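work.txt (compact mmCIF, C-alpha atoms)
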```txt
# COMPACT_ATOMS: atom_id res chain seq x y z
CA MET A 588 -23.96 -5.85 11.39
CA LYS A 589 -24.72 -9.51 11.83
CA LYS A 590 -21.85 -11.05 9.89
CA ILE A 591 -18.54 -9.39 10.60
CA LEU A 592 -15.22 -10.01 8.88
CA ILE A 593 -12.20 -8.57 10.66
CA VAL A 594 -9.12 -8.43 8.44
CA HIS A 595 -6.30 -8.08 10.92
CA ALA A 596 -2.69 -7.29 10.07
CA HIS A 597 -0.25 -7.02 12.97
CA PRO A 598 2.83 -9.20 13.52
CA GLU A 599 2.56 -9.19 17.35
CA THR A 600 -0.40 -10.89 19.03
CA GLN A 601 0.26 -8.98 22.28
CA SER A 602 0.18 -5.55 20.60
CA PHE A 603 -2.39 -2.90 21.41
CA CYS A 604 -3.53 -3.17 17.79
CA SER A 605 -4.25 -6.87 18.35
CA SER A 606 -6.17 -5.95 21.53
CA LEU A 607 -8.41 -3.72 19.42
CA LYS A 608 -9.12 -6.71 17.18
CA ASN A 609 -9.99 -8.82 20.25
CA THR A 610 -12.20 -6.03 21.59
CA ALA A 611 -14.24 -5.93 18.38
CA LEU A 612 -14.47 -9.72 18.33
CA GLU A 613 -15.88 -9.80 21.87
CA TYR A 614 -18.17 -6.83 21.34
CA PHE A 615 -19.84 -8.20 18.23
CA LYS A 616 -20.12 -11.73 19.67
CA GLN A 617 -21.92 -10.24 22.70
CA GLN A 618 -24.27 -8.52 20.28
CA GLY A 619 -25.12 -11.91 18.79
CA SER A 620 -23.23 -11.32 15.56
CA GLU A 621 -21.12 -13.92 13.83
CA VAL A 622 -17.47 -12.88 13.55
CA ILE A 623 -14.75 -14.29 11.31
CA ILE A 624 -11.17 -13.10 11.66
CA SER A 625 -8.59 -13.19 8.91
CA ASP A 626 -5.38 -12.84 10.89
CA LEU A 627 -3.06 -12.19 7.94
CA TYR A 628 0.21 -12.61 9.86
CA GLY A 629 -1.13 -15.58 11.79
CA MET A 630 -2.20 -17.38 8.61
CA SER A 631 0.98 -16.42 6.67
CA PHE A 632 -1.15 -14.75 4.04
CA ASN A 633 0.68 -14.30 0.74
CA PRO A 634 0.24 -10.66 -0.33
CA ILE A 635 1.96 -10.89 -3.73
CA GLY A 636 -0.41 -10.75 -6.69
CA ASN A 637 1.06 -13.12 -9.25
CA THR A 638 0.52 -16.25 -11.35
CA SER A 639 0.30 -18.21 -8.10
CA ASP A 640 -3.17 -16.70 -7.53
CA PHE A 641 -4.48 -19.20 -10.06
CA THR A 642 -4.66 -22.99 -10.29
CA VAL A 643 -4.63 -22.79 -14.10
CA LEU A 644 -3.60 -19.90 -16.32
CA GLN A 645 -5.52 -18.86 -19.40
CA SER A 646 -2.40 -17.34 -20.95
CA PRO A 647 0.76 -18.85 -19.40
CA ASP A 648 3.12 -17.18 -21.91
CA PHE A 649 2.08 -13.61 -21.16
CA PHE A 650 0.69 -12.89 -17.71
CA LYS A 651 -2.05 -10.26 -17.63
CA TYR A 652 -3.24 -10.07 -14.05
CA GLN A 653 -6.71 -8.59 -14.55
CA ALA A 654 -7.49 -10.84 -17.51
CA GLU A 655 -6.49 -13.91 -15.48
CA GLN A 656 -8.60 -12.70 -12.56
CA THR A 657 -11.64 -12.36 -14.79
CA HIS A 658 -11.03 -15.78 -16.31
CA ALA A 659 -10.43 -17.38 -12.92
CA PHE A 660 -13.62 -15.93 -11.48
CA LYS A 661 -15.70 -17.37 -14.33
CA ASN A 662 -14.03 -20.76 -14.09
CA ASN A 663 -13.39 -21.10 -10.35
CA LEU A 664 -9.60 -21.14 -10.71
CA PHE A 665 -8.45 -19.08 -7.71
CA GLU A 666 -6.02 -20.85 -5.40
CA GLN A 667 -7.48 -22.15 -2.17
CA GLN A 668 -6.31 -19.51 0.34
CA LEU A 669 -7.41 -16.68 -1.93
CA LYS A 670 -10.76 -18.31 -2.68
CA ALA A 671 -11.36 -18.68 1.06
CA GLU A 672 -10.84 -14.93 1.56
CA MET A 673 -13.26 -14.16 -1.26
CA ASP A 674 -15.83 -16.47 0.32
CA LYS A 675 -15.49 -14.66 3.66
CA LEU A 676 -15.93 -11.30 1.97
CA GLU A 677 -19.03 -12.48 0.12
CA TRP A 678 -20.45 -13.89 3.35
CA CYS A 679 -20.06 -10.80 5.55
CA ASP A 680 -22.17 -7.67 5.76
CA THR A 681 -19.43 -5.66 7.51
CA VAL A 682 -15.65 -5.57 7.10
CA ILE A 683 -13.32 -4.12 9.70
CA PHE A 684 -9.73 -3.51 8.63
CA ASN A 685 -7.63 -3.63 11.82
CA PHE A 686 -4.00 -2.60 11.37
CA PRO A 687 -1.13 -0.28 12.30
CA LEU A 688 -0.80 2.65 9.88
CA TRP A 689 2.53 2.04 8.14
CA TRP A 690 3.78 4.74 5.81
CA PHE A 691 0.37 6.39 5.66
CA GLY A 692 -1.36 3.28 4.43
CA PHE A 693 -1.94 -0.45 4.86
CA PRO A 694 0.97 -2.68 5.82
CA ALA A 695 2.01 -4.58 2.68
CA ILE A 696 0.38 -7.81 3.84
CA LEU A 697 -2.98 -5.99 3.98
CA LYS A 698 -2.45 -4.05 0.74
CA GLY A 699 -1.84 -7.43 -0.88
CA TRP A 700 -5.11 -8.75 0.53
CA ILE A 701 -6.82 -5.97 -1.44
CA ASP A 702 -4.69 -6.52 -4.57
CA ARG A 703 -5.59 -10.21 -4.65
CA VAL A 704 -9.09 -10.48 -3.10
CA PHE A 705 -10.60 -7.46 -4.88
CA ALA A 706 -10.08 -9.31 -8.14
CA MET A 707 -11.47 -8.15 -11.46
CA GLY A 708 -14.59 -10.15 -12.22
CA PHE A 709 -15.20 -10.75 -8.50
CA ALA A 710 -15.14 -7.22 -7.07
CA TYR A 711 -15.62 -5.10 -10.21
CA GLY A 712 -15.44 -5.27 -13.99
CA ALA A 713 -16.63 -7.89 -16.46
CA GLY A 714 -20.12 -6.39 -16.32
CA LYS A 715 -19.95 -5.31 -12.68
CA GLY A 716 -20.02 -1.61 -11.84
CA VAL A 717 -18.02 0.58 -9.49
CA TYR A 718 -18.75 3.29 -6.89
CA ASP A 719 -22.53 3.91 -6.86
CA ASN A 720 -23.04 0.76 -8.89
CA GLY A 721 -20.39 -1.21 -7.01
CA THR A 722 -20.61 -4.93 -6.38
CA PHE A 723 -20.48 -4.63 -2.59
CA LYS A 724 -23.21 -1.99 -2.18
CA ASP A 725 -24.79 -4.08 0.57
CA LYS A 726 -21.60 -4.16 2.64
CA THR A 727 -20.25 -1.68 5.16
CA ALA A 728 -16.58 -1.15 6.01
CA PHE A 729 -14.50 0.83 8.43
CA LEU A 730 -10.88 1.13 9.48
CA THR A 731 -9.53 0.60 12.99
CA PHE A 732 -5.90 1.57 13.21
CA THR A 733 -3.05 2.68 15.40
CA THR A 734 -0.40 5.25 14.53
CA GLY A 735 3.17 5.86 15.56
CA GLY A 736 2.90 9.65 15.47
CA PRO A 737 0.73 11.78 17.77
CA GLU A 738 -2.69 13.19 16.78
CA LEU A 739 -1.28 16.70 16.36
CA ALA A 740 0.88 15.58 13.45
CA TYR A 741 -2.25 14.59 11.49
CA GLY A 742 -4.35 17.74 11.78
CA GLN A 743 -5.08 20.21 8.99
CA THR A 744 -1.90 22.01 9.93
CA GLY A 745 0.03 18.94 11.05
CA LYS A 746 3.21 18.10 9.22
CA ASN A 747 1.84 14.77 7.97
CA GLY A 748 -1.20 16.32 6.30
CA ASP A 749 -4.78 15.74 7.31
CA LEU A 750 -6.08 12.21 7.72
CA GLU A 751 -8.83 12.63 5.17
CA SER A 752 -6.17 13.11 2.49
CA ILE A 753 -4.03 10.29 3.79
CA LEU A 754 -6.95 7.86 3.83
CA PHE A 755 -8.45 8.92 0.48
CA PRO A 756 -6.88 6.09 -1.57
CA ILE A 757 -8.22 3.51 0.90
CA HIS A 758 -11.64 4.98 1.68
CA HIS A 759 -12.47 6.16 -1.81
CA GLY A 760 -10.18 4.15 -4.08
CA MET A 761 -10.51 0.72 -2.50
CA LEU A 762 -13.68 0.55 -0.38
CA TYR A 763 -16.12 2.95 -2.02
CA PHE A 764 -14.78 1.87 -5.44
CA THR A 765 -16.35 -1.55 -4.82
CA GLY A 766 -19.58 0.09 -3.64
CA MET A 767 -19.07 -0.34 0.10
CA THR A 768 -20.53 2.11 2.57
CA VAL A 769 -17.54 3.61 4.38
CA LEU A 770 -17.97 4.61 8.03
CA PRO A 771 -15.63 6.92 9.97
CA PRO A 772 -12.46 5.22 11.21
CA PHE A 773 -11.43 4.52 14.79
CA ILE A 774 -7.91 5.83 15.31
CA SER A 775 -5.72 5.21 18.30
CA PHE A 776 -2.82 7.64 18.18
CA SER A 777 0.57 6.52 19.51
CA PRO A 778 -0.59 3.72 21.84
CA ALA A 779 3.08 2.86 22.32
CA ARG A 780 3.42 6.09 24.28
CA LEU A 781 0.45 5.37 26.60
CA ASP A 782 0.64 3.73 30.00
CA ASP A 783 -1.54 0.78 30.99
CA GLU A 784 -4.33 2.90 32.46
CA GLN A 785 -4.47 5.09 29.34
CA ARG A 786 -4.65 1.97 27.18
CA ILE A 787 -7.60 0.68 29.20
CA GLN A 788 -9.30 4.03 28.55
CA GLU A 789 -8.56 3.64 24.83
CA ILE A 790 -10.20 0.21 24.82
CA LYS A 791 -13.26 1.74 26.53
CA ARG A 792 -13.30 4.47 23.92
CA TYR A 793 -13.24 1.79 21.20
CA LYS A 794 -16.17 -0.07 22.78
CA LYS A 795 -18.14 3.18 22.83
CA TYR A 796 -17.22 3.80 19.19
CA LEU A 797 -18.40 0.30 18.26
CA SER A 798 -21.68 0.78 20.13
CA GLU A 799 -22.36 3.95 18.11
CA ILE A 800 -20.89 3.01 14.75
CA LYS A 801 -24.17 1.91 13.17
CA LYS A 802 -25.61 5.38 13.74
CA SER A 803 -22.60 7.29 12.42
CA LYS A 804 -22.79 9.25 9.20
CA PRO A 805 -21.03 7.46 6.30
CA ILE A 806 -18.01 9.08 4.64
CA TYR A 807 -19.04 7.42 1.38
CA LYS A 808 -22.24 5.65 0.53
CA ALA A 809 -23.50 4.45 -2.84
CA ALA A 810 -26.48 6.43 -4.11
CA ASN A 811 -29.60 4.29 -4.48
CA MET B 1072 21.49 11.77 -11.72
CA LYS B 1073 24.64 9.69 -11.82
CA LYS B 1074 23.63 6.78 -9.64
CA ILE B 1075 20.15 5.54 -10.39
CA LEU B 1076 18.19 2.92 -8.48
CA ILE B 1077 15.11 1.60 -10.27
CA VAL B 1078 12.75 -0.25 -7.94
CA HIS B 1079 10.62 -2.25 -10.34
CA ALA B 1080 7.48 -4.18 -9.41
CA HIS B 1081 5.67 -6.00 -12.21
CA PRO B 1082 5.07 -9.76 -12.42
CA GLU B 1083 5.40 -9.95 -16.24
CA THR B 1084 8.77 -9.20 -17.88
CA GLN B 1085 7.07 -8.66 -21.26
CA SER B 1086 4.64 -6.05 -19.92
CA PHE B 1087 4.61 -2.45 -21.08
CA CYS B 1088 5.47 -1.46 -17.52
CA SER B 1089 8.62 -3.59 -17.74
CA SER B 1090 9.44 -1.91 -21.08
CA LEU B 1091 9.36 1.44 -19.29
CA LYS B 1092 11.88 0.08 -16.79
CA ASN B 1093 14.12 -1.07 -19.67
CA THR B 1094 13.75 2.31 -21.37
CA ALA B 1095 14.97 4.14 -18.28
CA LEU B 1096 17.84 1.65 -17.86
CA GLU B 1097 19.03 2.24 -21.44
CA TYR B 1098 18.50 5.99 -21.28
CA PHE B 1099 20.54 6.52 -18.13
CA LYS B 1100 23.29 4.13 -19.24
CA GLN B 1101 23.63 6.12 -22.47
CA GLN B 1102 23.96 9.22 -20.32
CA GLY B 1103 26.90 7.60 -18.56
CA SER B 1104 25.03 7.02 -15.31
CA GLU B 1105 25.30 3.86 -13.25
CA VAL B 1106 21.99 2.04 -12.92
CA ILE B 1107 20.97 -0.65 -10.45
CA ILE B 1108 17.63 -2.38 -10.76
CA SER B 1109 15.76 -4.00 -7.91
CA ASP B 1110 13.33 -6.23 -9.79
CA LEU B 1111 11.12 -7.14 -6.84
CA TYR B 1112 9.18 -9.93 -8.56
CA GLY B 1113 12.30 -11.26 -10.25
CA MET B 1114 14.21 -11.45 -6.95
CA SER B 1115 11.22 -12.83 -4.99
CA PHE B 1116 11.43 -9.90 -2.62
CA ASN B 1117 9.68 -10.57 0.69
CA PRO B 1118 7.37 -7.59 1.39
CA ILE B 1119 6.18 -8.64 4.85
CA GLY B 1120 7.63 -6.58 7.68
CA ASN B 1121 8.17 -9.02 10.52
CA THR B 1122 10.67 -10.61 12.90
CA SER B 1123 12.35 -12.15 9.85
CA ASP B 1124 13.76 -8.70 8.99
CA PHE B 1125 16.34 -9.26 11.71
CA THR B 1126 19.12 -11.77 12.29
CA VAL B 1127 18.81 -11.26 16.06
CA LEU B 1128 15.94 -9.77 18.04
CA GLN B 1129 16.42 -7.37 20.91
CA SER B 1130 13.09 -8.38 22.44
CA PRO B 1131 12.00 -11.82 21.17
CA ASP B 1132 9.05 -12.08 23.60
CA PHE B 1133 7.29 -8.92 22.47
CA PHE B 1134 7.91 -7.77 18.92
CA LYS B 1135 7.97 -4.00 18.46
CA TYR B 1136 8.83 -3.38 14.82
CA GLN B 1137 10.21 0.16 15.04
CA ALA B 1138 12.23 -0.57 18.18
CA GLU B 1139 13.79 -3.61 16.50
CA GLN B 1140 14.55 -1.57 13.38
CA THR B 1141 16.36 1.05 15.44
CA HIS B 1142 18.27 -1.63 17.32
CA ALA B 1143 19.13 -3.50 14.12
CA PHE B 1144 20.41 -0.37 12.42
CA LYS B 1145 22.76 0.39 15.30
CA ASN B 1146 24.01 -3.19 15.48
CA ASN B 1147 23.96 -4.26 11.83
CA LEU B 1148 21.29 -6.92 12.33
CA PHE B 1149 19.16 -6.61 9.20
CA GLU B 1150 18.80 -9.81 7.18
CA GLN B 1151 20.88 -9.99 4.02
CA GLN B 1152 18.28 -9.22 1.32
CA LEU B 1153 16.96 -6.24 3.26
CA LYS B 1154 20.44 -4.91 4.02
CA ALA B 1155 21.30 -5.13 0.30
CA GLU B 1156 18.28 -2.92 -0.53
CA MET B 1157 19.33 -0.39 2.10
CA ASP B 1158 22.84 -0.33 0.64
CA LYS B 1159 21.46 0.35 -2.85
CA LEU B 1160 19.32 3.18 -1.50
CA GLU B 1161 22.27 4.73 0.33
CA TRP B 1162 24.40 4.44 -2.81
CA CYS B 1163 22.02 6.11 -5.28
CA ASP B 1164 21.29 9.78 -5.88
CA THR B 1165 18.01 9.08 -7.71
CA VAL B 1166 15.27 6.50 -7.15
CA ILE B 1167 12.70 5.61 -9.79
CA PHE B 1168 9.71 3.60 -8.64
CA ASN B 1169 8.44 1.72 -11.70
CA PHE B 1170 5.14 -0.10 -11.21
CA PRO B 1171 1.51 -0.59 -12.24
CA LEU B 1172 -0.90 1.46 -10.11
CA TRP B 1173 -2.88 -1.17 -8.19
CA TRP B 1174 -5.77 0.06 -6.09
CA PHE B 1175 -4.55 3.65 -6.25
CA GLY B 1176 -1.17 2.82 -4.78
CA PHE B 1177 1.89 0.59 -4.88
CA PRO B 1178 1.46 -3.14 -5.49
CA ALA B 1179 1.94 -4.89 -2.13
CA ILE B 1180 5.43 -6.10 -3.04
CA LEU B 1181 6.51 -2.47 -3.49
CA LYS B 1182 4.64 -1.17 -0.44
CA GLY B 1183 6.53 -3.81 1.52
CA TRP B 1184 9.83 -2.55 0.13
CA ILE B 1185 8.98 0.80 1.74
CA ASP B 1186 7.74 -0.79 4.98
CA ARG B 1187 11.00 -2.72 5.39
CA VAL B 1188 13.71 -0.59 3.74
CA PHE B 1189 12.57 2.77 5.15
CA ALA B 1190 13.36 1.42 8.60
CA MET B 1191 13.38 3.55 11.73
CA GLY B 1192 16.96 4.44 12.54
CA PHE B 1193 17.99 4.09 8.90
CA ALA B 1194 15.50 6.37 7.12
CA TYR B 1195 14.21 8.50 10.02
CA GLY B 1196 14.03 8.62 13.80
CA ALA B 1197 16.64 7.88 16.44
CA GLY B 1198 18.02 11.39 16.03
CA LYS B 1199 17.31 11.67 12.31
CA GLY B 1200 14.77 14.23 11.10
CA VAL B 1201 11.90 14.10 8.64
CA TYR B 1202 10.60 16.27 5.76
CA ASP B 1203 12.84 19.38 5.50
CA ASN B 1204 15.34 17.73 7.81
CA GLY B 1205 14.95 14.30 6.26
CA THR B 1206 17.76 11.77 5.98
CA PHE B 1207 17.60 11.53 2.19
CA LYS B 1208 17.69 15.27 1.41
CA ASP B 1209 20.38 14.65 -1.19
CA LYS B 1210 18.30 12.13 -3.11
CA THR B 1211 15.68 12.67 -5.78
CA ALA B 1212 12.76 10.36 -6.54
CA PHE B 1213 9.99 10.03 -9.06
CA LEU B 1214 7.27 7.56 -9.99
CA THR B 1215 6.84 5.91 -13.38
CA PHE B 1216 3.60 3.99 -13.53
CA THR B 1217 0.89 2.52 -15.70
CA THR B 1218 -2.84 2.53 -14.98
CA GLY B 1219 -5.75 0.32 -15.89
CA GLY B 1220 -8.24 3.17 -16.20
CA PRO B 1221 -8.13 5.96 -18.78
CA GLU B 1222 -6.78 9.47 -18.08
CA LEU B 1223 -10.27 10.98 -17.95
CA ALA B 1224 -11.10 8.93 -14.85
CA TYR B 1225 -8.28 10.65 -12.95
CA GLY B 1226 -9.01 14.35 -13.62
CA GLN B 1227 -10.38 16.84 -11.11
CA THR B 1228 -13.85 15.77 -12.12
CA GLY B 1229 -12.98 12.14 -12.84
CA LYS B 1230 -14.71 9.47 -10.80
CA ASN B 1231 -11.43 8.24 -9.30
CA GLY B 1232 -10.45 11.64 -7.90
CA ASP B 1233 -7.48 13.66 -9.00
CA LEU B 1234 -4.04 12.09 -9.12
CA GLU B 1235 -2.49 14.58 -6.74
CA SER B 1236 -4.82 13.30 -4.01
CA ILE B 1237 -4.28 9.68 -4.95
CA LEU B 1238 -0.50 10.04 -4.87
CA PHE B 1239 -0.34 12.17 -1.70
CA PRO B 1240 0.49 9.28 0.68
CA ILE B 1241 3.36 8.19 -1.59
CA HIS B 1242 4.76 11.57 -2.64
CA HIS B 1243 4.36 13.32 0.69
CA GLY B 1244 4.07 10.52 3.23
CA MET B 1245 6.81 8.19 1.99
CA LEU B 1246 9.25 10.11 -0.24
CA TYR B 1247 9.19 13.68 1.06
CA PHE B 1248 8.88 12.31 4.62
CA THR B 1249 12.43 10.97 4.27
CA GLY B 1250 13.59 14.31 2.81
CA MET B 1251 13.69 13.27 -0.84
CA THR B 1252 13.09 15.78 -3.60
CA VAL B 1253 10.00 14.52 -5.43
CA LEU B 1254 9.74 15.17 -9.18
CA PRO B 1255 6.53 14.95 -11.22
CA PRO B 1256 5.55 11.37 -12.17
CA PHE B 1257 5.47 9.81 -15.62
CA ILE B 1258 2.09 8.19 -16.11
CA SER B 1259 1.09 5.90 -18.95
CA PHE B 1260 -2.68 5.56 -18.93
CA SER B 1261 -4.22 2.24 -20.01
CA PRO B 1262 -1.32 0.86 -22.09
CA ALA B 1263 -3.27 -2.40 -22.34
CA ARG B 1264 -5.72 -0.58 -24.59
CA LEU B 1265 -3.04 0.82 -26.93
CA ASP B 1266 -1.87 -0.79 -30.16
CA ASP B 1267 1.81 -1.40 -30.95
CA GLU B 1268 2.32 1.92 -32.72
CA GLN B 1269 0.76 3.84 -29.84
CA ARG B 1270 3.00 1.98 -27.39
CA ILE B 1271 6.06 3.00 -29.41
CA GLN B 1272 4.86 6.59 -29.14
CA GLU B 1273 4.47 6.17 -25.38
CA ILE B 1274 8.07 4.93 -25.10
CA LYS B 1275 9.19 7.99 -27.09
CA ARG B 1276 7.20 10.19 -24.76
CA TYR B 1277 8.94 8.55 -21.79
CA LYS B 1278 12.38 9.17 -23.30
CA LYS B 1279 11.47 12.83 -23.76
CA TYR B 1280 10.23 12.97 -20.16
CA LEU B 1281 13.50 11.45 -18.95
CA SER B 1282 15.54 13.94 -20.97
CA GLU B 1283 13.69 16.82 -19.31
CA ILE B 1284 13.19 15.46 -15.81
CA LYS B 1285 16.21 17.17 -14.27
CA LYS B 1286 14.79 20.56 -15.22
CA SER B 1287 11.27 19.90 -13.98
CA LYS B 1288 9.89 21.71 -10.96
CA PRO B 1289 9.79 19.50 -7.86
CA ILE B 1290 6.46 18.66 -6.24
CA TYR B 1291 8.22 18.55 -2.88
CA LYS B 1292 11.72 19.67 -1.99
CA ALA B 1293 13.30 20.06 1.42
CA ALA B 1294 13.95 23.68 2.36
CA ASN B 1295 17.62 24.43 2.80
```

Show me the file's structure as C-alpha cells.
Amino acid sequence: MKKILIVHAHPETQSFCSSLKNTALEYFKQQGSEVIISDLYGMSFNPIGNTSDFTVLQSPDFFKYQAEQTHAFKNNLFEQQLKAEMDKLEWCDTVIFNFPLWWFGFPAILKGWIDRVFAMGFAYGAGKGVYDNGTFKDKTAFLTFTTGGPELAYGQTGKNGDLESILFPIHHGMLYFTGMTVLPPFISFSPARLDDEQRIQEIKRYKKYLSEIKKSKPIYKAAN
Amino acid sequence: MKKILIVHAHPETQSFCSSLKNTALEYFKQQGSEVIISDLYGMSFNPIGNTSDFTVLQSPDFFKYQAEQTHAFKNNLFEQQLKAEMDKLEWCDTVIFNFPLWWFGFPAILKGWIDRVFAMGFAYGAGKGVYDNGTFKDKTAFLTFTTGGPELAYGQTGKNGDLESILFPIHHGMLYFTGMTVLPPFISFSPARLDDEQRIQEIKRYKKYLSEIKKSKPIYKAAN
C-alpha cells in the first residue's frame, strides 16, 4: 500500500465521513505512502455516463456506450476529467471508497464514477478478462462508510438484511469483477447519533483498522 | 394499475431499452391507464444529492442531508425539478424502473433519482414507517432492464452470482423499504447480441409479461 487513491463522496467537508477520509490521508502519509484524493463533490464530478464521456464519437447517430468506451480507450478519446480518474486508478495499488451508505449502496456521484471510469476496454473486455483474470489483479480495494441506521438493523436478523448481501453488488460485481482484491470494509454505524467523545473513539478504531488492514483476510481475491 | 410512472434511464432513444419503455407506454395506454414518463436523460435530471435539492437551507453552515430533507418536506422547500418527481411518485399507483443494468445496479442517474426523491420525511422517517409500515404500501413497483452479459452468467452457478442477490439492495433496500409491493422483474439479456427478429420476439415477450404482471406473485409485499 504505497500508492493510495481515496475516492471520496460526501457533500459536507465537516462531516464525520469526511473526517474518516482525512484520517486515512494522514495515516498513509505517515506511513510514507503517496495518497491522491478524488473528492467527487469537491471537484463537481459528473456521474452521468453519456456521449459527453468522449471527445469524438465513433457512431454519433446511435450511441452505444460500451462500444464507444472500447473505441475511446484505443484512440485516447476520453474527456479530460474522466481520463484523469482513469490515470489515478492505473497509478494506485490501493483504492479506498469513502462514502455514506445511501439506499444500501454508493451515492449516485460515486456510482457514476464506477459507471464511467470502469469503462469497457479500460477495466474489462476487448481482450481483457474479469474476476480471476481481471485487469486490476494487482490492486487492492476496500470500503470505508458510514450508515444512518444502527448496527443492529444490519445483522443476519436485522430488518435491513445482512451487510454481506447488501454489499455483494459492490464487492463482487464492481471490485472483484475487475480483478481487485477486496478487503473487509470499515463501517461506522450512525455517527450522527454519537457524541464528540464517541466520535474520537471511532476515529481511533479506524486508525487501528488501517494499521491492521494489510494483514486482514480478503473477501475476494483473484486466484493465481 | 391505473396510474403508471415509468422512470426511464437510457442515454440513447433508439436503444432496445428505450423500446421497452415505449412498449410499456403503449400497452398501459391501450389498457386505459394514465402513464407519465420521467425520461431522466431526456430531462437532464440532476442525480447528485446536495444542498441544491433545497430552495432554502435550515443549516447552511453544516449540511446534514437527511435533516434538510425532513425540514424541506415540512416546509415545501424542495427545488422544482425534485418536487415534480415527488409529485409524480405520490400520484402513481405503479412505478416501472426501466434501465440498462450497469455494474449490477441502477445507472448513476437513476440511483440519484432514488437518493433525492426518496427523501427523509417524504418517503420514510419523521414519524413514517418502513417495510411493512412503509409510506408507499399502496404502490407497486417492478424493474424492466437489459443486461450486457448473457443469462447464463447470472444463474446460481453463473460467474456474476444469482440475480436475486444482485437485485437485493434495489428490491429490498429501496422499494420494499418504502413499503412498495415488489413484483418480479422483466429482464432482457444481451439485446445487443440479438438480431431484429429476435428483438421483435423480445418485445412480444414483454407484452405478455405486462399482460400477466398483475397476477404474478410479489417478491416483497407489506404485511397487512

Determine, using only C-alpha atoms, which residues of segment 662-754 of chain A have any atom at most 9 Å from an atom of segment 1234-1256 of chain B, and tabulate each with its shortest atom pair and distance in Å to one decimal place, rows ordered by chain and then rising number, as a Markdown table.
```
| residue | atom | partner | partner_atom | distance |
| --- | --- | --- | --- | --- |
| A:Trp690 | CA | B:Met1245 | CA | 6.0 |
| A:Phe691 | CA | B:Pro1240 | CA | 5.8 |
| A:Gly692 | CA | B:Pro1240 | CA | 7.3 |
| A:Asn747 | CA | B:Gly1244 | CA | 6.7 |
| A:Gly748 | CA | B:Gly1244 | CA | 8.4 |
| A:Ser752 | CA | B:Ser1236 | CA | 6.6 |
| A:Ile753 | CA | B:Pro1240 | CA | 5.6 |
| A:Leu754 | CA | B:Pro1240 | CA | 8.2 |
```

Based on the selection just made, write C-alpha atoms of those residues as an mmCIF file, in the coordinates of the input.
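Writing the result to result_33.cif gives the following:
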```cif
data_model
loop_
_atom_site.group_PDB
_atom_site.id
_atom_site.type_symbol
_atom_site.label_atom_id
_atom_site.label_comp_id
_atom_site.auth_asym_id
_atom_site.auth_seq_id
_atom_site.Cartn_x
_atom_site.Cartn_y
_atom_site.Cartn_z
ATOM 1 C CA TRP A 690 3.780 4.740 5.810
ATOM 2 C CA PHE A 691 0.370 6.390 5.660
ATOM 3 C CA GLY A 692 -1.360 3.280 4.430
ATOM 4 C CA ASN A 747 1.840 14.770 7.970
ATOM 5 C CA GLY A 748 -1.200 16.320 6.300
ATOM 6 C CA SER A 752 -6.170 13.110 2.490
ATOM 7 C CA ILE A 753 -4.030 10.290 3.790
ATOM 8 C CA LEU A 754 -6.950 7.860 3.830
#
```

Residues of chain A within 10 Å of chain B, counting only C-alpha atoms, what are they? List them as JSON, numbers by chain. {"A": [597, 598, 599, 600, 601, 602, 628, 631, 632, 633, 634, 635, 636, 637, 638, 648, 649, 650, 651, 652, 653, 689, 690, 691, 692, 693, 694, 695, 696, 697, 698, 699, 700, 701, 702, 703, 705, 717, 718, 735, 746, 747, 748, 752, 753, 754, 755, 756, 757, 759, 760, 761, 762, 764, 779]}

Output C-alpha atoms for every residue in the selection just made, as a tab-separated table (two decimals), in the frame of the given file.
```tsv
chain	number	residue	atom	x	y	z
A	597	HIS	CA	-0.25	-7.02	12.97
A	598	PRO	CA	2.83	-9.20	13.52
A	599	GLU	CA	2.56	-9.19	17.35
A	600	THR	CA	-0.40	-10.89	19.03
A	601	GLN	CA	0.26	-8.98	22.28
A	602	SER	CA	0.18	-5.55	20.60
A	628	TYR	CA	0.21	-12.61	9.86
A	631	SER	CA	0.98	-16.42	6.67
A	632	PHE	CA	-1.15	-14.75	4.04
A	633	ASN	CA	0.68	-14.30	0.74
A	634	PRO	CA	0.24	-10.66	-0.33
A	635	ILE	CA	1.96	-10.89	-3.73
A	636	GLY	CA	-0.41	-10.75	-6.69
A	637	ASN	CA	1.06	-13.12	-9.25
A	638	THR	CA	0.52	-16.25	-11.35
A	648	ASP	CA	3.12	-17.18	-21.91
A	649	PHE	CA	2.08	-13.61	-21.16
A	650	PHE	CA	0.69	-12.89	-17.71
A	651	LYS	CA	-2.05	-10.26	-17.63
A	652	TYR	CA	-3.24	-10.07	-14.05
A	653	GLN	CA	-6.71	-8.59	-14.55
A	689	TRP	CA	2.53	2.04	8.14
A	690	TRP	CA	3.78	4.74	5.81
A	691	PHE	CA	0.37	6.39	5.66
A	692	GLY	CA	-1.36	3.28	4.43
A	693	PHE	CA	-1.94	-0.45	4.86
A	694	PRO	CA	0.97	-2.68	5.82
A	695	ALA	CA	2.01	-4.58	2.68
A	696	ILE	CA	0.38	-7.81	3.84
A	697	LEU	CA	-2.98	-5.99	3.98
A	698	LYS	CA	-2.45	-4.05	0.74
A	699	GLY	CA	-1.84	-7.43	-0.88
A	700	TRP	CA	-5.11	-8.75	0.53
A	701	ILE	CA	-6.82	-5.97	-1.44
A	702	ASP	CA	-4.69	-6.52	-4.57
A	703	ARG	CA	-5.59	-10.21	-4.65
A	705	PHE	CA	-10.60	-7.46	-4.88
A	717	VAL	CA	-18.02	0.58	-9.49
A	718	TYR	CA	-18.75	3.29	-6.89
A	735	GLY	CA	3.17	5.86	15.56
A	746	LYS	CA	3.21	18.10	9.22
A	747	ASN	CA	1.84	14.77	7.97
A	748	GLY	CA	-1.20	16.32	6.30
A	752	SER	CA	-6.17	13.11	2.49
A	753	ILE	CA	-4.03	10.29	3.79
A	754	LEU	CA	-6.95	7.86	3.83
A	755	PHE	CA	-8.45	8.92	0.48
A	756	PRO	CA	-6.88	6.09	-1.57
A	757	ILE	CA	-8.22	3.51	0.90
A	759	HIS	CA	-12.47	6.16	-1.81
A	760	GLY	CA	-10.18	4.15	-4.08
A	761	MET	CA	-10.51	0.72	-2.50
A	762	LEU	CA	-13.68	0.55	-0.38
A	764	PHE	CA	-14.78	1.87	-5.44
A	779	ALA	CA	3.08	2.86	22.32
```

Considering all atoms listed in the file, state which residue in the set B:Leu1223, B:Ile1077, B:Leu1091, B:Met1072 is at the smallest distance from Gln1272 of chain B. B:Leu1091
